[in-house]
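The structure file run.txt is reproduced below (compact mmCIF, C-alpha atoms).
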```
# COMPACT_ATOMS: atom_id res chain seq x y z
CA MET A 1 0.00 0.00 0.00
CA GLN A 2 2.86 2.35 0.77
CA ASN A 3 4.24 2.01 -2.75
CA THR A 4 0.85 2.81 -4.28
CA GLY A 5 0.66 6.02 -2.28
CA GLU A 6 4.15 6.99 -3.32
CA LYS A 7 3.33 6.48 -6.99
CA LYS A 8 0.34 8.78 -6.66
CA ALA A 9 2.54 11.56 -5.28
CA ILE A 10 4.03 12.30 -8.71
CA THR A 11 0.92 12.67 -10.84
CA ARG A 12 0.64 13.76 -14.47
CA ASN A 13 0.05 17.40 -13.45
CA ILE A 14 3.12 17.36 -11.17
CA VAL A 15 5.29 16.08 -14.03
CA LEU A 16 3.95 18.69 -16.47
CA THR A 17 4.43 21.59 -14.05
CA GLY A 18 7.87 20.13 -13.31
CA PHE A 19 8.85 20.30 -16.97
CA THR A 20 7.54 23.87 -17.19
CA SER A 21 9.70 24.85 -14.25
CA PHE A 22 12.64 22.88 -15.69
CA PHE A 23 12.70 24.77 -18.99
CA THR A 24 11.88 28.11 -17.34
CA ASP A 25 14.86 27.70 -15.04
CA VAL A 26 17.12 26.63 -17.93
CA SER A 27 16.26 30.02 -19.42
CA SER A 28 16.55 32.02 -16.19
CA GLU A 29 19.81 30.49 -15.00
CA MET A 30 21.51 31.08 -18.35
CA ILE A 31 21.13 34.76 -17.43
CA TYR A 32 21.14 35.00 -13.65
CA PRO A 33 24.85 34.25 -12.96
CA LEU A 34 25.79 36.94 -15.49
CA LEU A 35 23.68 39.81 -14.14
CA GLN A 36 26.21 41.17 -11.66
CA ALA A 37 28.96 41.07 -14.33
CA PHE A 38 26.56 42.60 -16.90
CA VAL A 39 25.55 45.48 -14.59
CA SER A 40 29.21 45.96 -13.70
CA MET A 41 30.07 46.42 -17.40
CA ILE A 42 27.18 48.85 -17.92
CA MET A 43 28.29 50.87 -14.88
CA VAL A 44 31.99 50.79 -15.71
CA SER A 45 32.41 54.45 -14.71
CA LYS A 46 30.41 54.09 -11.48
CA LYS A 47 31.84 50.97 -9.84
CA ALA A 48 31.24 52.33 -6.33
CA LEU A 49 27.50 52.19 -6.92
CA LEU A 50 27.48 48.55 -8.08
CA GLY A 51 26.44 47.07 -4.72
CA PRO A 52 23.54 49.50 -4.07
CA ILE A 53 22.33 49.28 -7.69
CA LEU A 54 22.30 45.47 -7.56
CA GLY A 55 20.38 45.72 -4.30
CA ILE A 56 17.82 48.09 -5.86
CA ILE A 57 17.39 45.91 -8.98
CA GLU A 58 16.89 42.68 -7.06
CA GLY A 59 14.95 44.22 -4.18
CA VAL A 60 12.48 46.25 -6.25
CA ALA A 61 11.93 43.40 -8.73
CA GLU A 62 11.36 40.71 -6.11
CA SER A 63 9.46 42.81 -3.60
CA THR A 64 7.15 44.69 -5.96
CA ALA A 65 6.24 41.57 -7.95
CA SER A 66 5.66 39.58 -4.77
CA LEU A 67 2.78 41.87 -3.85
CA LEU A 68 0.94 40.28 -6.78
CA LYS A 69 1.24 36.79 -5.35
CA VAL A 70 -1.45 37.14 -2.71
CA PHE A 71 -3.75 38.92 -5.17
CA PHE A 72 -3.44 36.21 -7.80
CA GLY A 73 -3.68 33.52 -5.15
CA TYR A 74 -6.97 35.10 -4.03
CA TYR A 75 -8.08 35.52 -7.66
CA SER A 76 -7.27 31.86 -8.40
CA ASP A 77 -9.31 30.72 -5.39
CA LYS A 78 -12.18 32.99 -6.39
CA ILE A 79 -12.42 31.81 -10.01
CA GLN A 80 -11.44 28.23 -9.02
CA ASN A 81 -8.88 28.13 -11.79
CA ARG A 82 -5.14 27.46 -11.51
CA LYS A 83 -4.11 26.78 -15.10
CA THR A 84 -4.91 30.12 -16.76
CA PRO A 85 -3.01 32.36 -14.27
CA ALA A 86 -0.06 29.94 -14.45
CA ILE A 87 0.12 30.20 -18.26
CA ALA A 88 -0.19 34.00 -18.11
CA GLY A 89 2.59 34.25 -15.53
CA TYR A 90 5.10 32.02 -17.30
CA SER A 91 4.41 33.82 -20.62
CA THR A 92 5.02 37.24 -19.02
CA SER A 93 8.39 36.08 -17.66
CA ALA A 94 9.42 34.74 -21.07
CA LEU A 95 8.56 38.01 -22.83
CA ALA A 96 10.36 40.10 -20.18
CA LYS A 97 13.75 38.81 -21.32
CA PHE A 98 13.51 40.90 -24.50
CA LEU A 99 13.93 44.04 -22.32
CA LEU A 100 17.51 43.00 -21.52
CA LEU A 101 18.40 43.74 -25.14
CA LEU A 102 17.80 47.44 -24.44
CA SER A 103 20.18 47.59 -21.45
CA SER A 104 22.84 49.56 -23.34
CA PHE A 105 20.55 52.58 -22.75
CA GLY A 106 21.00 52.21 -18.99
CA TRP A 107 20.88 49.84 -16.01
CA TYR A 108 17.19 50.66 -15.47
CA PHE A 109 16.34 48.35 -18.40
CA VAL A 110 17.90 45.53 -16.39
CA LEU A 111 15.60 46.60 -13.56
CA LEU A 112 12.57 46.56 -15.90
CA ALA A 113 13.50 43.13 -17.27
CA ARG A 114 13.88 41.71 -13.76
CA LEU A 115 10.70 43.45 -12.62
CA PHE A 116 8.49 41.99 -15.38
CA ASP A 117 10.16 38.60 -15.00
CA ARG A 118 9.17 38.67 -11.33
CA VAL A 119 5.70 40.05 -12.16
CA GLY A 120 5.23 36.87 -14.19
CA LYS A 121 6.34 34.90 -11.17
CA GLY A 122 3.92 36.86 -9.02
CA ILE A 123 1.04 35.92 -11.31
CA ARG A 124 1.85 32.21 -11.58
CA THR A 125 3.36 31.10 -8.27
CA ALA A 126 0.39 30.78 -5.90
CA PRO A 127 -1.99 29.22 -8.49
CA ARG A 128 0.72 26.77 -9.59
CA ASP A 129 1.55 25.77 -6.01
CA ALA A 130 -2.15 25.28 -5.28
CA LEU A 131 -2.41 23.11 -8.42
CA ILE A 132 0.48 20.97 -7.16
CA SER A 133 -1.15 20.62 -3.74
CA GLU A 134 -4.55 19.72 -5.17
CA SER A 135 -3.03 17.17 -7.55
CA THR A 136 -1.36 15.28 -4.68
CA PRO A 137 -2.59 13.12 -1.74
CA LYS A 138 -2.17 14.93 1.59
CA GLU A 139 0.31 12.34 2.89
CA SER A 140 2.64 13.00 -0.07
CA GLN A 141 2.63 16.81 -0.27
CA GLY A 142 6.28 17.10 0.76
CA LYS A 143 7.42 14.68 -1.93
CA ALA A 144 5.41 16.45 -4.64
CA PHE A 145 6.71 19.90 -3.74
CA GLY A 146 10.21 18.46 -3.37
CA PHE A 147 10.00 16.87 -6.82
CA HIS A 148 8.85 20.17 -8.32
CA ARG A 149 11.71 22.08 -6.70
CA GLY A 150 14.07 19.35 -7.85
CA MET A 151 12.93 19.90 -11.44
CA ASP A 152 13.39 23.65 -10.91
CA PHE A 153 16.97 23.18 -9.87
CA ALA A 154 17.68 20.52 -12.49
CA GLY A 155 16.75 23.16 -15.06
CA ALA A 156 18.87 25.69 -13.20
CA THR A 157 21.81 23.27 -13.31
CA LEU A 158 21.48 22.77 -17.05
CA GLY A 159 21.04 26.52 -17.55
CA ALA A 160 24.20 27.26 -15.57
CA LEU A 161 26.08 24.57 -17.53
CA ILE A 162 25.01 26.09 -20.86
CA CYS A 163 25.95 29.51 -19.49
CA PHE A 164 29.39 28.19 -18.50
CA PHE A 165 30.23 26.85 -21.97
CA LEU A 166 28.88 29.94 -23.72
CA VAL A 167 30.90 32.19 -21.41
CA LEU A 168 34.05 30.26 -22.32
CA GLN A 169 33.33 31.04 -26.00
CA PHE A 170 32.91 34.78 -25.42
CA MET A 171 35.31 35.35 -22.50
CA ASP A 172 38.07 37.96 -22.57
CA PRO A 173 41.22 36.14 -21.34
CA ILE A 174 42.53 39.31 -19.73
CA THR A 175 39.48 40.57 -17.80
CA LYS A 176 38.13 37.02 -17.15
CA THR A 177 34.61 38.20 -18.03
CA LEU A 178 32.67 38.57 -21.28
CA LYS A 179 34.30 40.68 -24.00
CA ASP A 180 31.52 43.21 -24.58
CA LEU A 181 27.79 43.88 -24.27
CA ASN A 182 27.06 42.10 -27.57
CA SER A 183 28.34 38.86 -26.02
CA PHE A 184 25.82 39.24 -23.21
CA TYR A 185 23.02 39.99 -25.70
CA THR A 186 23.78 36.78 -27.63
CA LEU A 187 23.33 34.73 -24.47
CA PHE A 188 20.13 36.60 -23.58
CA LEU A 189 18.62 35.83 -27.00
CA ILE A 190 19.44 32.12 -26.71
CA SER A 191 17.84 32.00 -23.25
CA ILE A 192 14.43 33.04 -24.63
CA ILE A 193 13.98 29.71 -26.47
CA PRO A 194 13.64 27.36 -23.44
CA ALA A 195 11.41 29.94 -21.71
CA PHE A 196 8.72 29.53 -24.37
CA ILE A 197 9.18 25.74 -24.49
CA GLY A 198 8.30 25.67 -20.79
CA VAL A 199 4.99 27.46 -21.35
CA ILE A 200 3.85 24.80 -23.85
CA PHE A 201 3.70 22.04 -21.19
CA LEU A 202 1.08 23.96 -19.20
CA PHE A 203 -1.50 23.63 -21.96
CA PHE A 204 -1.60 19.84 -21.37
CA ILE A 205 -2.49 20.14 -17.66
CA LYS A 206 -5.92 18.82 -16.63
CA GLU A 207 -7.32 20.67 -13.65
CA LYS A 208 -9.40 18.89 -11.06
CA LYS A 209 -12.77 20.37 -10.24
CA LEU A 210 -12.33 22.07 -6.88
CA GLN A 211 -14.51 20.42 -4.25
CA ILE A 212 -15.55 23.34 -2.06
CA VAL A 213 -18.50 23.34 0.32
CA GLN A 214 -21.37 25.42 -0.99
CA THR A 215 -23.16 27.97 1.18
CA ALA A 216 -26.80 29.01 1.09
CA LYS A 217 -28.28 29.81 -2.31
CA ASN A 218 -25.50 27.88 -4.03
CA GLN A 219 -22.92 30.62 -3.39
CA LYS A 220 -19.32 29.60 -2.99
CA PRO A 221 -17.47 30.84 0.11
CA LYS A 222 -15.04 33.70 -0.51
CA PRO A 223 -11.32 33.07 -0.01
CA ASN A 224 -10.15 34.50 3.32
CA LEU A 225 -7.90 37.57 3.06
CA ASN A 226 -7.93 38.17 6.83
CA ILE A 227 -4.59 36.69 7.92
CA ARG A 228 -5.58 37.10 11.60
CA GLN A 229 -8.17 34.35 11.15
CA TYR A 230 -5.55 31.83 9.96
CA ASP A 231 -4.04 29.13 12.18
CA LYS A 232 -1.78 30.70 14.85
CA ASN A 233 1.13 28.48 13.80
CA LEU A 234 0.81 29.78 10.24
CA GLN A 235 0.81 33.39 11.44
CA ILE A 236 3.99 32.80 13.48
CA PHE A 237 5.58 30.97 10.53
CA PHE A 238 4.86 33.98 8.29
CA LEU A 239 6.52 36.28 10.88
CA ALA A 240 9.55 33.97 11.03
CA GLN A 241 9.78 34.04 7.22
CA LEU A 242 9.77 37.84 7.20
CA ILE A 243 12.61 37.99 9.74
CA PHE A 244 14.60 35.35 7.86
CA THR A 245 14.12 37.17 4.54
CA LEU A 246 15.59 40.41 5.92
CA GLY A 247 18.93 38.59 6.03
CA ASN A 248 18.36 36.53 2.88
CA SER A 249 19.68 38.92 0.23
CA SER A 250 19.85 38.10 -3.47
CA ASN A 251 22.18 35.31 -4.61
CA GLN A 252 23.78 37.99 -6.80
CA PHE A 253 25.73 39.02 -3.70
CA LEU A 254 27.07 35.47 -3.25
CA LEU A 255 28.18 35.49 -6.90
CA LEU A 256 29.72 38.95 -6.51
CA ARG A 257 31.45 37.90 -3.28
CA SER A 258 32.91 34.83 -5.01
CA MET A 259 34.34 36.95 -7.83
CA ASN A 260 35.71 39.53 -5.39
CA LEU A 261 37.51 36.74 -3.52
CA GLY A 262 39.55 36.08 -6.66
CA HIS A 263 37.58 33.58 -8.77
CA ALA A 264 37.04 34.21 -12.49
CA LEU A 265 33.49 34.37 -13.91
CA PRO A 266 33.57 30.84 -15.45
CA THR A 267 34.73 29.39 -12.12
CA VAL A 268 31.96 31.19 -10.23
CA ILE A 269 29.39 29.87 -12.73
CA LEU A 270 30.70 26.33 -12.09
CA MET A 271 30.25 26.83 -8.34
CA TYR A 272 26.73 28.10 -8.99
CA LEU A 273 26.09 25.03 -11.16
CA ILE A 274 27.17 22.70 -8.34
CA PHE A 275 24.87 24.59 -5.96
CA ASN A 276 21.91 24.00 -8.29
CA LEU A 277 22.87 20.35 -8.84
CA SER A 278 23.00 19.57 -5.12
CA THR A 279 19.55 21.10 -4.64
CA SER A 280 18.12 19.23 -7.62
CA LEU A 281 19.41 15.85 -6.47
CA LEU A 282 18.20 16.18 -2.87
CA SER A 283 14.90 18.11 -3.02
CA THR A 284 12.61 15.12 -3.63
CA GLY A 285 14.34 13.08 -0.92
CA PHE A 286 14.05 15.81 1.71
CA GLY A 287 10.43 16.41 0.67
CA SER A 288 9.63 12.73 1.23
CA LEU A 289 11.48 12.83 4.55
CA SER A 290 9.30 15.76 5.68
CA ASP A 291 6.21 13.64 4.95
CA ARG A 292 7.52 11.08 7.45
CA ILE A 293 9.16 13.11 10.23
CA GLY A 294 7.35 16.44 9.93
CA ARG A 295 8.14 19.76 8.23
CA LYS A 296 9.31 21.69 11.28
CA LYS A 297 12.40 19.59 12.05
CA LEU A 298 13.76 19.89 8.52
CA LEU A 299 13.04 23.61 8.32
CA ILE A 300 14.94 24.24 11.56
CA ALA A 301 17.90 22.20 10.29
CA GLY A 302 17.78 24.00 6.93
CA TYR A 303 17.78 27.51 8.39
CA GLY A 304 20.59 26.49 10.75
CA LEU A 305 22.63 25.29 7.77
CA TYR A 306 21.92 28.58 5.97
CA ALA A 307 23.31 30.49 8.96
CA VAL A 308 26.52 28.45 8.90
CA VAL A 309 26.99 28.91 5.14
CA TYR A 310 26.33 32.65 5.16
CA ILE A 311 28.66 33.29 8.10
CA ALA A 312 31.32 31.23 6.29
CA PHE A 313 30.95 33.44 3.19
CA GLY A 314 31.61 36.40 5.48
CA PHE A 315 34.83 34.98 6.93
CA ILE A 316 36.39 33.37 3.83
CA SER A 317 39.36 35.37 2.53
CA HIS A 318 41.42 35.42 -0.68
CA LYS A 319 43.79 32.89 0.88
CA THR A 320 40.99 30.48 1.77
CA ASN A 321 38.77 31.10 -1.28
CA SER A 322 39.00 27.43 -2.30
CA LEU A 323 36.55 26.75 0.58
CA LEU A 324 33.82 28.21 -1.63
CA TRP A 325 33.83 24.87 -3.51
CA PHE A 326 32.61 23.31 -0.24
CA PHE A 327 30.11 25.96 0.86
CA TRP A 328 28.33 26.48 -2.47
CA PRO A 329 26.96 22.87 -2.52
CA LEU A 330 26.12 23.17 1.20
CA TYR A 331 24.07 26.20 0.25
CA GLY A 332 22.26 23.98 -2.25
CA ILE A 333 21.47 21.48 0.52
CA TYR A 334 19.84 24.32 2.51
CA TYR A 335 17.57 24.99 -0.48
CA ALA A 336 16.67 21.29 -0.75
CA MET A 337 15.75 21.21 2.95
CA THR A 338 13.50 24.26 2.89
CA GLU A 339 12.12 25.51 -0.45
CA GLY A 340 9.51 22.85 -1.22
CA ILE A 341 8.92 22.04 2.44
CA GLU A 342 7.93 25.63 3.28
CA LYS A 343 5.14 25.42 0.68
CA ALA A 344 4.05 21.99 1.91
CA PHE A 345 3.92 23.38 5.48
CA VAL A 346 1.67 26.26 4.38
CA SER A 347 -0.52 23.90 2.31
CA ASP A 348 -0.93 21.55 5.29
CA ILE A 349 -2.58 24.12 7.55
CA ALA A 350 -4.08 26.64 5.11
CA PRO A 351 -7.91 26.91 5.02
CA LYS A 352 -9.25 24.57 2.33
CA ASP A 353 -11.06 27.26 0.37
CA SER A 354 -8.11 29.69 0.66
CA LYS A 355 -5.16 27.49 -0.20
CA ALA A 356 -3.82 29.63 -3.06
CA THR A 357 -4.51 32.77 -1.01
CA ALA A 358 -2.45 31.43 1.92
CA LEU A 359 0.36 30.40 -0.44
CA GLY A 360 0.12 33.88 -1.96
CA PHE A 361 0.47 35.41 1.52
CA TYR A 362 3.56 33.28 2.12
CA HIS A 363 5.22 34.42 -1.12
CA THR A 364 4.15 38.04 -0.61
CA ILE A 365 5.50 38.21 2.95
CA VAL A 366 8.81 36.82 1.70
CA GLY A 367 8.74 39.33 -1.17
CA ILE A 368 8.07 42.29 1.12
CA GLY A 369 11.23 41.46 3.02
CA LEU A 370 13.36 41.16 -0.12
CA LEU A 371 13.42 44.89 -0.91
CA PRO A 372 14.91 46.00 2.43
CA ALA A 373 17.03 42.82 2.50
CA SER A 374 18.71 43.55 -0.84
CA ILE A 375 19.11 47.28 -0.13
CA ILE A 376 20.62 46.52 3.30
CA ALA A 377 22.94 43.96 1.71
CA GLY A 378 23.96 46.43 -1.02
CA ILE A 379 24.84 49.13 1.50
CA LEU A 380 26.64 46.70 3.83
CA PHE A 381 28.58 45.21 0.90
CA SER A 382 29.81 48.68 -0.11
CA LEU A 383 31.01 49.34 3.43
CA ILE A 384 32.37 45.91 4.44
CA PRO A 385 32.04 43.08 1.86
CA SER A 386 31.62 40.41 4.56
CA ALA A 387 28.91 42.28 6.50
CA PRO A 388 25.76 41.21 4.58
CA PHE A 389 26.64 37.54 5.07
CA LEU A 390 27.21 37.89 8.82
CA PHE A 391 23.90 39.78 9.09
CA GLY A 392 22.12 37.05 7.10
CA GLY A 393 23.50 34.36 9.39
CA ALA A 394 22.27 36.23 12.46
CA MET A 395 18.73 36.59 11.04
CA ALA A 396 18.68 32.85 10.28
CA PHE A 397 19.53 32.02 13.90
CA VAL A 398 16.66 34.25 15.10
CA THR A 399 14.33 32.33 12.74
CA VAL A 400 15.49 28.99 14.17
CA ILE A 401 14.67 30.22 17.70
CA ILE A 402 11.16 31.29 16.66
CA LEU A 403 10.42 27.96 14.98
CA CYS A 404 11.81 25.96 17.91
CA PHE A 405 9.84 27.70 20.67
CA PHE A 406 6.75 29.27 19.11
CA VAL A 407 5.60 27.08 16.20
CA LYS A 408 3.89 24.04 17.74
CA LYS A 409 2.81 22.19 14.59
CA ASN A 410 5.34 19.53 13.58
CA ASP A 411 3.61 17.62 10.77
```
Encoded form (structure tokens):
Amino acid sequence: MQNTGEKKAITRNIVLTGFTSFFTDVSSEMIYPLLQAFVSMIMVSKKALLGPILGIIEGVAESTASLLKVFFGYYSDKIQNRKTPAIAGYSTSALAKFLLLLSSFGWYFVLLARLFDRVGKGIRTAPRDALISESTPKESQGKAFGFHRGMDFAGATLGALICFFLVLQFMDPITKTLKDLNSFYTLFLISIIPAFIGVIFLFFIKEKKLQIVQTAKNQKPKPNLNIRQYDKNLQIFFLAQLIFTLGNSSNQFLLLRSMNLGHALPTVILMYLIFNLSTSLLSTGFGSLSDRIGRKKLLIAGYGLYAVVYIAFGFISHKTNSLLWFFWPLYGIYYAMTEGIEKAFVSDIAPKDSKATALGFYHTIVGIGLLPASIIAGILFSLIPSAPFLFGGAMAFVTVIILCFFVKKND
């Protein structure tokens, strides 16, 4: 019987959404490791502003777009449709990449491209996560979300690998980065192809009819936007996520830190590839483990590991920069232990008729914290390059304390 249940965890819809995420991340991760180098080339005469500008780009894009997640989660619950918002969101992100081709006019086009890419994510994320939850038996939610995140990071691994080989073709042997802006634009154009391939898979998804209790006069209950009426454990978890996010700045700062410690761009991309690979290989396993031992234990271990990795990034020097080969995959293990499991945790205790809304709240709360997080990291990086990583580690330890003593739900 156990095997039958496990087979049901990875349904047709889970596989299709997995392939969508796979190809979307192939596209995204062909670009993402290059952004800090790309912005650096655009701002060649204003290097001192690089940290703050990266913080603004990542913070505004992530935070502004995340405000859409709760709205489209609510909208998805209200219209009882997951597929249409998901298609619209993935298509918006694919089209946003064309804006990068205008970046020679100024760094604000990078901001616009990232903003609309994240707007697409804001539209699709909560409906897609609700679709995954509703396509999976309750006892296998962790495995399903873990599998989906594994496909995400498998695509990210392939994207980073493609990026690595393309960078080698266009690299300037003296500067150890790409030769010129045209080299970046070539890679951006290639990345658009897998983005649109990913959208195609969504058209083959078959949505289940949502079974929601009807009220008087055949009216469906409205999704609940009052977060104070949610389970107390969920409210505390949302607070913990906000605190954690304040120290969880963009991965662009980890990439920038790695280059500043003496590694060339191709080497940093390889480290980033290994990070994605470790997450991809372990996400499904950790998701399944959370189904058996509970979500809370793994989340506490994951945030603790994050704290260790971030503090290590702060203390590593030029002489010890080879340690980055060890801490980048550890960072991937943190992702495997938390990313899918956080969504499964929210899905477990969200109101049945407000599942996408609750998932939208989760993503929005995280997004709200990303703007100050990235701006704080940008300012700290300009002052002391190790400071944002020490700050991030401290915030992670605070999150661990909150989960240990104030969140009672453990399954």
Q. Which is closer to A:Asn13 than all the others in A:Phe275, A:Phe406, A:Phe203, A:Phe244, using only C-alpha atoms?
A.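 Once distances to A:Asn13 are computed over only C-alpha atoms, the minimum belongs to A:Phe203.
Here the question is which of A:Ser354, A:Thr157, A:Thr267, A:Gln141 gets nearest to A:Gly340 using only C-alpha atoms, and that residue is A:Gln141.
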**Q.** Counting all atoms listed in the file, the option among A:Ile379, A:Ala396, A:Leu181, A:Val308 closest to A:Ser103
**A.**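 The shortest atom-to-atom distance to A:Ser103 comes from A:Leu181.
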Local residues around (24.7, 37.8, -17.3), at most 9 Å away, using all atoms listed in the file, as a short mmCIF file (atom, residue, chain, number, x, y, z; two decimals) with C-alpha atoms, in the coordinates of the input:
```cif
data_model
loop_
_atom_site.label_atom_id
_atom_site.label_comp_id
_atom_site.auth_asym_id
_atom_site.auth_seq_id
_atom_site.Cartn_x
_atom_site.Cartn_y
_atom_site.Cartn_z
CA MET A 30 21.51 31.08 -18.35
CA ILE A 31 21.13 34.76 -17.43
CA TYR A 32 21.14 35.00 -13.65
CA PRO A 33 24.85 34.25 -12.96
CA LEU A 34 25.79 36.94 -15.49
CA LEU A 35 23.68 39.81 -14.14
CA GLN A 36 26.21 41.17 -11.66
CA ALA A 37 28.96 41.07 -14.33
CA PHE A 38 26.56 42.60 -16.90
CA VAL A 39 25.55 45.48 -14.59
CA CYS A 163 25.95 29.51 -19.49
CA LEU A 178 32.67 38.57 -21.28
CA PHE A 184 25.82 39.24 -23.21
CA TYR A 185 23.02 39.99 -25.70
CA LEU A 187 23.33 34.73 -24.47
CA PHE A 188 20.13 36.60 -23.58
#
```
Do you know which residues are at most 6 Å from stretch 384-393 of chain A counting all atoms listed in the file, after dropping those on the same chain fewer than 5 positions away, and could you put them as a CSV table (one decimal) with C-alpha atoms, in the coordinates of the input?
```
chain,number,residue,atom,x,y,z
A,247,GLY,CA,18.9,38.6,6.0
A,248,ASN,CA,18.4,36.5,2.9
A,307,ALA,CA,23.3,30.5,9.0
A,310,TYR,CA,26.3,32.6,5.2
A,311,ILE,CA,28.7,33.3,8.1
A,314,GLY,CA,31.6,36.4,5.5
A,377,ALA,CA,22.9,44.0,1.7
```
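Between atom CA of A:Asp152 and atom CA of A:Ala195 there is a distance of 12.7 Å.
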Q | Two-atom distance - atom CA of A:Ala156, atom CA of A:Ile316 (Å) | A |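 So the two atoms, atom CA of A:Ala156 and atom CA of A:Ile316, lie 25.6 Å apart.
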What would stretch 379-398 of chain A look like with N, CA and C atoms restored, written as a PDB file, keeping the file's coordinate frame?
```
ATOM      1  N   ILE A 379      24.138  48.103   0.716  1.00  0.00           N
ATOM      2  CA  ILE A 379      24.840  49.130   1.500  1.00  0.00           C
ATOM      3  C   ILE A 379      25.953  48.494   2.330  1.00  0.00           C
ATOM      4  N   LEU A 380      25.634  47.381   3.009  1.00  0.00           N
ATOM      5  CA  LEU A 380      26.640  46.700   3.830  1.00  0.00           C
ATOM      6  C   LEU A 380      27.814  46.220   2.985  1.00  0.00           C
ATOM      7  N   PHE A 381      27.518  45.698   1.780  1.00  0.00           N
ATOM      8  CA  PHE A 381      28.580  45.210   0.900  1.00  0.00           C
ATOM      9  C   PHE A 381      29.517  46.332   0.495  1.00  0.00           C
ATOM     10  N   SER A 382      28.974  47.531   0.264  1.00  0.00           N
ATOM     11  CA  SER A 382      29.810  48.680  -0.110  1.00  0.00           C
ATOM     12  C   SER A 382      30.714  49.117   1.028  1.00  0.00           C
ATOM     13  N   LEU A 383      30.222  48.940   2.265  1.00  0.00           N
ATOM     14  CA  LEU A 383      31.010  49.340   3.430  1.00  0.00           C
ATOM     15  C   LEU A 383      32.027  48.266   3.822  1.00  0.00           C
ATOM     16  N   ILE A 384      31.528  47.063   4.064  1.00  0.00           N
ATOM     17  CA  ILE A 384      32.370  45.910   4.440  1.00  0.00           C
ATOM     18  C   ILE A 384      31.833  44.700   3.683  1.00  0.00           C
ATOM     19  N   PRO A 385      32.566  44.164   2.700  1.00  0.00           N
ATOM     20  CA  PRO A 385      32.040  43.080   1.860  1.00  0.00           C
ATOM     21  C   PRO A 385      31.540  41.852   2.617  1.00  0.00           C
ATOM     22  N   SER A 386      32.056  41.600   3.802  1.00  0.00           N
ATOM     23  CA  SER A 386      31.620  40.410   4.560  1.00  0.00           C
ATOM     24  C   SER A 386      30.359  40.661   5.367  1.00  0.00           C
ATOM     25  N   ALA A 387      29.990  41.929   5.570  1.00  0.00           N
ATOM     26  CA  ALA A 387      28.910  42.280   6.500  1.00  0.00           C
ATOM     27  C   ALA A 387      27.549  41.701   6.137  1.00  0.00           C
ATOM     28  N   PRO A 388      27.103  41.750   4.858  1.00  0.00           N
ATOM     29  CA  PRO A 388      25.760  41.210   4.580  1.00  0.00           C
ATOM     30  C   PRO A 388      25.609  39.733   4.893  1.00  0.00           C
ATOM     31  N   PHE A 389      26.701  38.987   4.828  1.00  0.00           N
ATOM     32  CA  PHE A 389      26.640  37.540   5.070  1.00  0.00           C
ATOM     33  C   PHE A 389      26.581  37.248   6.576  1.00  0.00           C
ATOM     34  N   LEU A 390      27.282  38.044   7.366  1.00  0.00           N
ATOM     35  CA  LEU A 390      27.210  37.890   8.820  1.00  0.00           C
ATOM     36  C   LEU A 390      25.811  38.287   9.321  1.00  0.00           C
ATOM     37  N   PHE A 391      25.257  39.345   8.738  1.00  0.00           N
ATOM     38  CA  PHE A 391      23.900  39.780   9.090  1.00  0.00           C
ATOM     39  C   PHE A 391      22.884  38.712   8.719  1.00  0.00           C
ATOM     40  N   GLY A 392      23.024  38.114   7.541  1.00  0.00           N
ATOM     41  CA  GLY A 392      22.120  37.050   7.100  1.00  0.00           C
ATOM     42  C   GLY A 392      22.164  35.847   8.023  1.00  0.00           C
ATOM     43  N   GLY A 393      23.355  35.478   8.461  1.00  0.00           N
ATOM     44  CA  GLY A 393      23.500  34.360   9.390  1.00  0.00           C
ATOM     45  C   GLY A 393      22.801  34.623  10.710  1.00  0.00           C
ATOM     46  N   ALA A 394      22.910  35.873  11.194  1.00  0.00           N
ATOM     47  CA  ALA A 394      22.270  36.230  12.460  1.00  0.00           C
ATOM     48  C   ALA A 394      20.748  36.149  12.349  1.00  0.00           C
ATOM     49  N   MET A 395      20.184  36.638  11.246  1.00  0.00           N
ATOM     50  CA  MET A 395      18.730  36.590  11.040  1.00  0.00           C
ATOM     51  C   MET A 395      18.235  35.134  10.961  1.00  0.00           C
ATOM     52  N   ALA A 396      19.054  34.261  10.374  1.00  0.00           N
ATOM     53  CA  ALA A 396      18.680  32.850  10.280  1.00  0.00           C
ATOM     54  C   ALA A 396      18.612  32.210  11.669  1.00  0.00           C
ATOM     55  N   PHE A 397      19.551  32.564  12.539  1.00  0.00           N
ATOM     56  CA  PHE A 397      19.530  32.020  13.900  1.00  0.00           C
ATOM     57  C   PHE A 397      18.288  32.489  14.669  1.00  0.00           C
ATOM     58  N   VAL A 398      17.883  33.739  14.472  1.00  0.00           N
ATOM     59  CA  VAL A 398      16.660  34.250  15.100  1.00  0.00           C
ATOM     60  C   VAL A 398      15.450  33.431  14.618  1.00  0.00           C
TER      61      VAL A 398
END
```
